[in-house]
Amino acid sequence: MRHFTTSDFDFALPPELIAQHPAAERSASRLLDGSGPEPVDRVFRDLPGLLRPGDLLVFNDTQVVKARLFGEKPTGGKLELLVERVLEDGTVAAHMKVSKKPPAGTVLRMDGGFEAELLGRWPEAHGPLFHLLFSGDAYALMAAYGHVPLPPYIAHEDSAEDESRYQTVFARNPGAVAAPTAALHFDQTLLDALAARGVQRAAVTLHVGAGTFQPVKTESIAEHVMHRERYHVPQATQEAIAACRARGGRVVAVGTTSVRTLESWAQSGEASGDTGIFITPGFGFRVVDALITNFHLPRSTLMMLVSAFAGYEHVMALYRHAIAQRYRFFSYGDAMWLESAAAPVHQAAAGR
């Protein structure tokens with residue numbers, strides 16, 4: 001088997017192909033059908049024609065929180081927080097952008113009039129995130145005073161459009177700082193068309209972290225330390241997958257976050273937890289048969305995941321086609337339909 005390096009997943013992307021705003025209608029985005037040997041250009045609302053009665057779509061129902069907060073130190077120095085997660089005790093773990101990091105015990109004054117006490121680092125004494133205690137309920141304060149945590153490649157400040165469109169129509173479990181972007185293309189009309197075709201739906205939850213945007217900085221893939229994210233596979237979804245298998249349907253993951261959730265469950269046998277699963281070529285998929293996904297950043301773990309799923313040469317050829325045909329890239333961009341390059345080992349996930 002070929003030995004891959006990070007450079008193998010690099011490509012040149014014209015900056016003007018990075019979508020700065022969503023399509024006028026969710027399901028009006030383009031859809032690159034990569035299921036055959038040659039790419040086929042479609043529109044996202046064509047999706048029902050690619051699915052069969054009895055197939056199961058698995059969505060990530062996480063909800064993006066307004067996790068970007070602004071404030072200042074007691075000295076007046078400006079700072080920005082990006083809340084990565086709200087912890088079980090109500091405190092938060094956050095990234096901090098500031099000229100000089102304040103010491104533990106510092107009380108930060110946040111825009112909106114609330115305070116954030118710096119308790120230390122997280123998850124350990126020298127951890128990468130900051131551990132803070134807000135002077136009120138974290139979710140309520142973010143909803144009232146936070147900003148939509150748009151990805152670093154989107155150049156404008158967040159607006160009412162982003163508050164509406166950087167969120168799926170079925171988001172219900174708050175906790176993500178990035179949207180499960182493949183699911184942004186679904187609107188109610190399309191969901192109704194899928195139901196009329198006999199396509200089933202189920203949900204998992206993976207709270208997408210800011211680490212999803214980090215490029216792999218090591219040339220050796222094996223040296224990359226994967227970020228961790230919380231996930232949950234409900235019992236109803238486990239049963240829906242078993243029923244899908246029994247009727248001969250396909251499990252279709254909507255987005256790489258659904259793939260990471262389903263394959264983490266299959267690999268560990270744990271329906272809930274923190275996952276740092278790192279899917280690279282050679283990975284044995286146990287659950288997912290087909291994938292709906294957006295176009296990903298060069299040198300990213302998600303480029304490695306889709307290459308593992310549909311085949312490296314095939315995926316790179318699809319990306320060359322997408323660039324030549326001026327597809328729109330990343331979170332607000334267009335989508336791809338991919339089928340597994342190898343049959344998943346379904347038995348390994350059975351009985352979970």
# chains A, B, ... in the order shown; residues from 1 in each chain; ligands from 1
call {"tool": "select_by_dssp", "arguments": {"residues": "range 89-176 of chain A", "states": "strand (DSSP E)", "output": "count of residues only"}}
result
29
call {"tool": "closest_atom_pairs", "arguments": {"of": "range 289-347 of chain A", "to": "range 245-262 of chain A", "cutoff": "12 Å", "atoms": "only C-alpha atoms", "output": "JSON lines"}}
result
{"residue": "A:Asp289", "atom": "CA", "partner": "A:Val251", "partner_atom": "CA", "distance": 5.4}
{"residue": "A:Ala290", "atom": "CA", "partner": "A:Val252", "partner_atom": "CA", "distance": 4.6}
{"residue": "A:Leu291", "atom": "CA", "partner": "A:Ala253", "partner_atom": "CA", "distance": 4.9}
{"residue": "A:Ile292", "atom": "CA", "partner": "A:Val254", "partner_atom": "CA", "distance": 5.0}
{"residue": "A:Thr293", "atom": "CA", "partner": "A:Gly255", "partner_atom": "CA", "distance": 4.8}
{"residue": "A:Asn294", "atom": "CA", "partner": "A:Gly255", "partner_atom": "CA", "distance": 7.4}
{"residue": "A:Phe295", "atom": "CA", "partner": "A:Gly255", "partner_atom": "CA", "distance": 10.5}
{"residue": "A:His296", "atom": "CA", "partner": "A:Thr256", "partner_atom": "CA", "distance": 10.1}
{"residue": "A:Thr301", "atom": "CA", "partner": "A:Thr256", "partner_atom": "CA", "distance": 10.2}
{"residue": "A:Leu302", "atom": "CA", "partner": "A:Thr256", "partner_atom": "CA", "distance": 7.1}
{"residue": "A:Met303", "atom": "CA", "partner": "A:Thr256", "partner_atom": "CA", "distance": 9.9}
{"residue": "A:Met304", "atom": "CA", "partner": "A:Thr256", "partner_atom": "CA", "distance": 10.8}
{"residue": "A:Leu305", "atom": "CA", "partner": "A:Thr256", "partner_atom": "CA", "distance": 7.6}
{"residue": "A:Val306", "atom": "CA", "partner": "A:Thr256", "partner_atom": "CA", "distance": 7.9}
{"residue": "A:Ser307", "atom": "CA", "partner": "A:Thr256", "partner_atom": "CA", "distance": 11.6}
{"residue": "A:Ala308", "atom": "CA", "partner": "A:Val259", "partner_atom": "CA", "distance": 11.6}
{"residue": "A:Phe309", "atom": "CA", "partner": "A:Val259", "partner_atom": "CA", "distance": 9.8}
{"residue": "A:Ser331", "atom": "CA", "partner": "A:Gly255", "partner_atom": "CA", "distance": 11.2}
{"residue": "A:Ala335", "atom": "CA", "partner": "A:Gly255", "partner_atom": "CA", "distance": 9.6}
{"residue": "A:Met336", "atom": "CA", "partner": "A:Gly255", "partner_atom": "CA", "distance": 9.8}
{"residue": "A:Trp337", "atom": "CA", "partner": "A:Val254", "partner_atom": "CA", "distance": 9.6}
{"residue": "A:Leu338", "atom": "CA", "partner": "A:Val252", "partner_atom": "CA", "distance": 9.5}
{"residue": "A:Glu339", "atom": "CA", "partner": "A:Val252", "partner_atom": "CA", "distance": 8.8}
{"residue": "A:Ser340", "atom": "CA", "partner": "A:Val252", "partner_atom": "CA", "distance": 10.1}
{"residue": "A:Ala343", "atom": "CA", "partner": "A:Arg250", "partner_atom": "CA", "distance": 10.8}
{"residue": "A:Pro344", "atom": "CA", "partner": "A:Val251", "partner_atom": "CA", "distance": 10.2}
{"residue": "A:Val345", "atom": "CA", "partner": "A:Arg245", "partner_atom": "CA", "distance": 11.7}
{"residue": "A:His346", "atom": "CA", "partner": "A:Arg245", "partner_atom": "CA", "distance": 8.3}
{"residue": "A:Gln347", "atom": "CA", "partner": "A:Arg245", "partner_atom": "CA", "distance": 10.0}
call {"tool": "select_by_dssp", "arguments": {"residues": "range 26-94 of chain A", "states": "helix (DSSP H, G or I)", "output": "PDB file with all heavy atoms, in the first residue's frame"}}
result
ATOM      1  N   ARG A  26     -30.676  27.021  -0.081  1.00  0.00           N
ATOM      2  CA  ARG A  26     -29.828  25.940   0.433  1.00  0.00           C
ATOM      3  C   ARG A  26     -29.626  24.827  -0.603  1.00  0.00           C
ATOM      4  O   ARG A  26     -28.509  24.406  -0.869  1.00  0.00           O
ATOM      5  CB  ARG A  26     -30.451  25.358   1.706  1.00  0.00           C
ATOM      6  CG  ARG A  26     -30.373  26.270   2.919  1.00  0.00           C
ATOM      7  CD  ARG A  26     -31.029  25.626   4.133  1.00  0.00           C
ATOM      8  NE  ARG A  26     -31.054  26.508   5.293  1.00  0.00           N
ATOM      9  CZ  ARG A  26     -30.128  26.531   6.257  1.00  0.00           C
ATOM     10  NH1 ARG A  26     -29.093  25.715   6.198  1.00  0.00           N
ATOM     11  NH2 ARG A  26     -30.253  27.354   7.277  1.00  0.00           N
ATOM     12  N   SER A  27     -30.714  24.350  -1.187  1.00  0.00           N
ATOM     13  CA  SER A  27     -30.617  23.185  -2.077  1.00  0.00           C
ATOM     14  C   SER A  27     -30.272  23.560  -3.510  1.00  0.00           C
ATOM     15  O   SER A  27     -30.244  22.697  -4.383  1.00  0.00           O
ATOM     16  CB  SER A  27     -31.933  22.400  -2.048  1.00  0.00           C
ATOM     17  OG  SER A  27     -33.014  23.217  -2.455  1.00  0.00           O
ATOM     18  N   ALA A  28     -29.975  24.855  -3.741  1.00  0.00           N
ATOM     19  CA  ALA A  28     -29.579  25.292  -5.085  1.00  0.00           C
ATOM     20  C   ALA A  28     -28.074  25.222  -5.294  1.00  0.00           C
ATOM     21  O   ALA A  28     -27.582  25.543  -6.384  1.00  0.00           O
ATOM     22  CB  ALA A  28     -30.071  26.722  -5.335  1.00  0.00           C
ATOM     23  N   PHE A  44     -27.829  20.302  -6.006  1.00  0.00           N
ATOM     24  CA  PHE A  44     -28.052  19.555  -4.777  1.00  0.00           C
ATOM     25  C   PHE A  44     -29.473  19.012  -4.669  1.00  0.00           C
ATOM     26  O   PHE A  44     -29.685  17.924  -4.131  1.00  0.00           O
ATOM     27  CB  PHE A  44     -27.711  20.405  -3.551  1.00  0.00           C
ATOM     28  CG  PHE A  44     -27.463  19.564  -2.333  1.00  0.00           C
ATOM     29  CD1 PHE A  44     -26.227  18.995  -2.104  1.00  0.00           C
ATOM     30  CD2 PHE A  44     -28.475  19.298  -1.427  1.00  0.00           C
ATOM     31  CE1 PHE A  44     -25.996  18.181  -1.003  1.00  0.00           C
ATOM     32  CE2 PHE A  44     -28.262  18.498  -0.323  1.00  0.00           C
ATOM     33  CZ  PHE A  44     -27.021  17.934  -0.118  1.00  0.00           C
ATOM     34  N   ARG A  45     -30.441  19.744  -5.206  1.00  0.00           N
ATOM     35  CA  ARG A  45     -31.821  19.246  -5.105  1.00  0.00           C
ATOM     36  C   ARG A  45     -32.053  18.000  -5.967  1.00  0.00           C
ATOM     37  O   ARG A  45     -33.126  17.398  -5.897  1.00  0.00           O
ATOM     38  CB  ARG A  45     -32.820  20.348  -5.453  1.00  0.00           C
ATOM     39  CG  ARG A  45     -32.746  20.906  -6.841  1.00  0.00           C
ATOM     40  CD  ARG A  45     -33.926  21.843  -7.105  1.00  0.00           C
ATOM     41  NE  ARG A  45     -33.922  23.005  -6.219  1.00  0.00           N
ATOM     42  CZ  ARG A  45     -33.502  24.223  -6.572  1.00  0.00           C
ATOM     43  NH1 ARG A  45     -33.056  24.439  -7.800  1.00  0.00           N
ATOM     44  NH2 ARG A  45     -33.529  25.228  -5.715  1.00  0.00           N
ATOM     45  N   ASP A  46     -31.045  17.589  -6.773  1.00  0.00           N
ATOM     46  CA  ASP A  46     -31.109  16.322  -7.507  1.00  0.00           C
ATOM     47  C   ASP A  46     -30.847  15.117  -6.604  1.00  0.00           C
ATOM     48  O   ASP A  46     -30.978  13.965  -7.051  1.00  0.00           O
ATOM     49  CB  ASP A  46     -30.054  16.283  -8.629  1.00  0.00           C
ATOM     50  CG  ASP A  46     -30.274  17.315  -9.710  1.00  0.00           C
ATOM     51  OD1 ASP A  46     -31.418  17.800  -9.837  1.00  0.00           O
ATOM     52  OD2 ASP A  46     -29.301  17.635 -10.428  1.00  0.00           O
ATOM     53  N   LEU A  47     -30.469  15.365  -5.347  1.00  0.00           N
ATOM     54  CA  LEU A  47     -30.029  14.287  -4.453  1.00  0.00           C
ATOM     55  C   LEU A  47     -31.001  13.107  -4.367  1.00  0.00           C
ATOM     56  O   LEU A  47     -30.548  11.952  -4.375  1.00  0.00           O
ATOM     57  CB  LEU A  47     -29.751  14.844  -3.055  1.00  0.00           C
ATOM     58  CG  LEU A  47     -29.279  13.826  -2.018  1.00  0.00           C
ATOM     59  CD1 LEU A  47     -27.911  13.271  -2.382  1.00  0.00           C
ATOM     60  CD2 LEU A  47     -29.239  14.457  -0.629  1.00  0.00           C
ATOM     61  N   PRO A  48     -32.320  13.311  -4.285  1.00  0.00           N
ATOM     62  CA  PRO A  48     -33.214  12.142  -4.180  1.00  0.00           C
ATOM     63  C   PRO A  48     -33.002  11.120  -5.291  1.00  0.00           C
ATOM     64  O   PRO A  48     -33.177   9.914  -5.062  1.00  0.00           O
ATOM     65  CB  PRO A  48     -34.614  12.770  -4.228  1.00  0.00           C
ATOM     66  CG  PRO A  48     -34.424  14.125  -3.641  1.00  0.00           C
ATOM     67  CD  PRO A  48     -33.072  14.580  -4.149  1.00  0.00           C
ATOM     68  N   GLY A  49     -32.617  11.559  -6.475  1.00  0.00           N
ATOM     69  CA  GLY A  49     -32.382  10.638  -7.583  1.00  0.00           C
ATOM     70  C   GLY A  49     -31.151   9.773  -7.404  1.00  0.00           C
ATOM     71  O   GLY A  49     -31.000   8.753  -8.092  1.00  0.00           O
ATOM     72  N   LEU A  50     -30.259  10.145  -6.480  1.00  0.00           N
ATOM     73  CA  LEU A  50     -29.060   9.354  -6.214  1.00  0.00           C
ATOM     74  C   LEU A  50     -29.284   8.360  -5.067  1.00  0.00           C
ATOM     75  O   LEU A  50     -28.442   7.505  -4.826  1.00  0.00           O
ATOM     76  CB  LEU A  50     -27.885  10.272  -5.858  1.00  0.00           C
ATOM     77  CG  LEU A  50     -27.457  11.252  -6.957  1.00  0.00           C
ATOM     78  CD1 LEU A  50     -26.392  12.207  -6.436  1.00  0.00           C
ATOM     79  CD2 LEU A  50     -26.937  10.493  -8.178  1.00  0.00           C
TER      80      LEU A  50
END
call {"tool": "closest_residue", "arguments": {"among": "A:Met316, A:Met96, A:Leu57, A:Ala144", "to": "Phe186 in chain A", "atoms": "only C-alpha atoms"}}
result
A:Leu57
call {"tool": "closest_residue", "arguments": {"among": "A:Leu13, A:Ala67, A:Leu119, A:Val169", "to": "Val148 in chain A", "atoms": "only C-alpha atoms"}}
result
A:Ala67
call {"tool": "residues_around", "arguments": {"residues": "Gln214 in chain A", "least_positions_apart": "6", "cutoff": "10 Å", "atoms": "only C-alpha atoms", "output": "list in words"}}
result
Met226, His227, Leu297, Arg299, Ser300 and Thr301 of chain A
call {"tool": "closest_residue", "arguments": {"among": "A:Tyr145, A:Gly211, A:Lys73, A:Leu87", "to": "Glu117 in chain A", "atoms": "only C-alpha atoms"}}
result
A:Lys73
call {"tool": "residues_around", "arguments": {"residues": "range 141-143 of chain A", "least_positions_apart": "4", "cutoff": "8 Å", "atoms": "only C-alpha atoms", "output": "JSON, numbers by chain"}}
result
{"A": [65, 66, 67, 68, 69, 136, 137, 147]}
call {"tool": "closest_residue", "arguments": {"among": "A:Asp61, A:Glu270, A:Asp334, A:Asp8", "to": "Thr168 in chain A", "atoms": "only C-alpha atoms"}}
result
A:Asp61
call {"tool": "residues_around", "arguments": {"residues": "Glu84 in chain A", "least_positions_apart": "6", "cutoff": "8 Å", "atoms": "only C-alpha atoms", "output": "ChimeraX atom specification"}}
result
/A:67,92-95,176-177,209-210
call {"tool": "closest_residue", "arguments": {"among": "A:Tyr153, A:Lys101, A:Gly146, A:Val40", "to": "Glu16 in chain A", "atoms": "only C-alpha atoms"}}
result
A:Tyr153
call {"tool": "atom_distance", "arguments": {"atom1": "CA of Ala171 in chain A", "atom2": "CA of Arg201 in chain A"}}
result
14.0 Å
call {"tool": "closest_residue", "arguments": {"among": "A:Thr91, A:Asn173, A:Glu80, A:Ala242", "to": "Leu108 in chain A", "atoms": "only C-alpha atoms"}}
result
A:Glu80
call {"tool": "residues_around", "arguments": {"residues": "His207 in chain A", "least_positions_apart": "3", "cutoff": "7 Å", "atoms": "only C-alpha atoms", "output": "PDB file with N, CA and C atoms, in the first residue's frame"}}
result
ATOM      1  N   THR A  62     -26.028  18.641  15.715  1.00  0.00           N
ATOM      2  CA  THR A  62     -25.427  19.646  16.584  1.00  0.00           C
ATOM      3  C   THR A  62     -25.885  21.046  16.188  1.00  0.00           C
ATOM      4  N   GLY A 175     -23.685  23.204  20.988  1.00  0.00           N
ATOM      5  CA  GLY A 175     -22.348  22.833  21.437  1.00  0.00           C
ATOM      6  C   GLY A 175     -21.256  22.928  20.390  1.00  0.00           C
ATOM      7  N   ALA A 176     -21.601  23.185  19.131  1.00  0.00           N
ATOM      8  CA  ALA A 176     -20.587  23.233  18.077  1.00  0.00           C
ATOM      9  C   ALA A 176     -20.075  24.652  17.872  1.00  0.00           C
ATOM     10  N   GLU A 229     -13.371  15.637  19.956  1.00  0.00           N
ATOM     11  CA  GLU A 229     -14.715  16.213  19.908  1.00  0.00           C
ATOM     12  C   GLU A 229     -15.699  15.256  20.586  1.00  0.00           C
ATOM     13  N   ARG A 230     -16.745  15.826  21.184  1.00  0.00           N
ATOM     14  CA  ARG A 230     -17.759  15.019  21.870  1.00  0.00           C
ATOM     15  C   ARG A 230     -18.778  14.481  20.866  1.00  0.00           C
ATOM     16  N   TYR A 231     -19.189  13.224  21.058  1.00  0.00           N
ATOM     17  CA  TYR A 231     -20.177  12.632  20.143  1.00  0.00           C
ATOM     18  C   TYR A 231     -21.177  11.787  20.917  1.00  0.00           C
TER      19      TYR A 231
END
call {"tool": "atom_distance", "arguments": {"atom1": "CA of Asp111 in chain A", "atom2": "CA of Leu206 in chain A"}}
result
28.8 Å
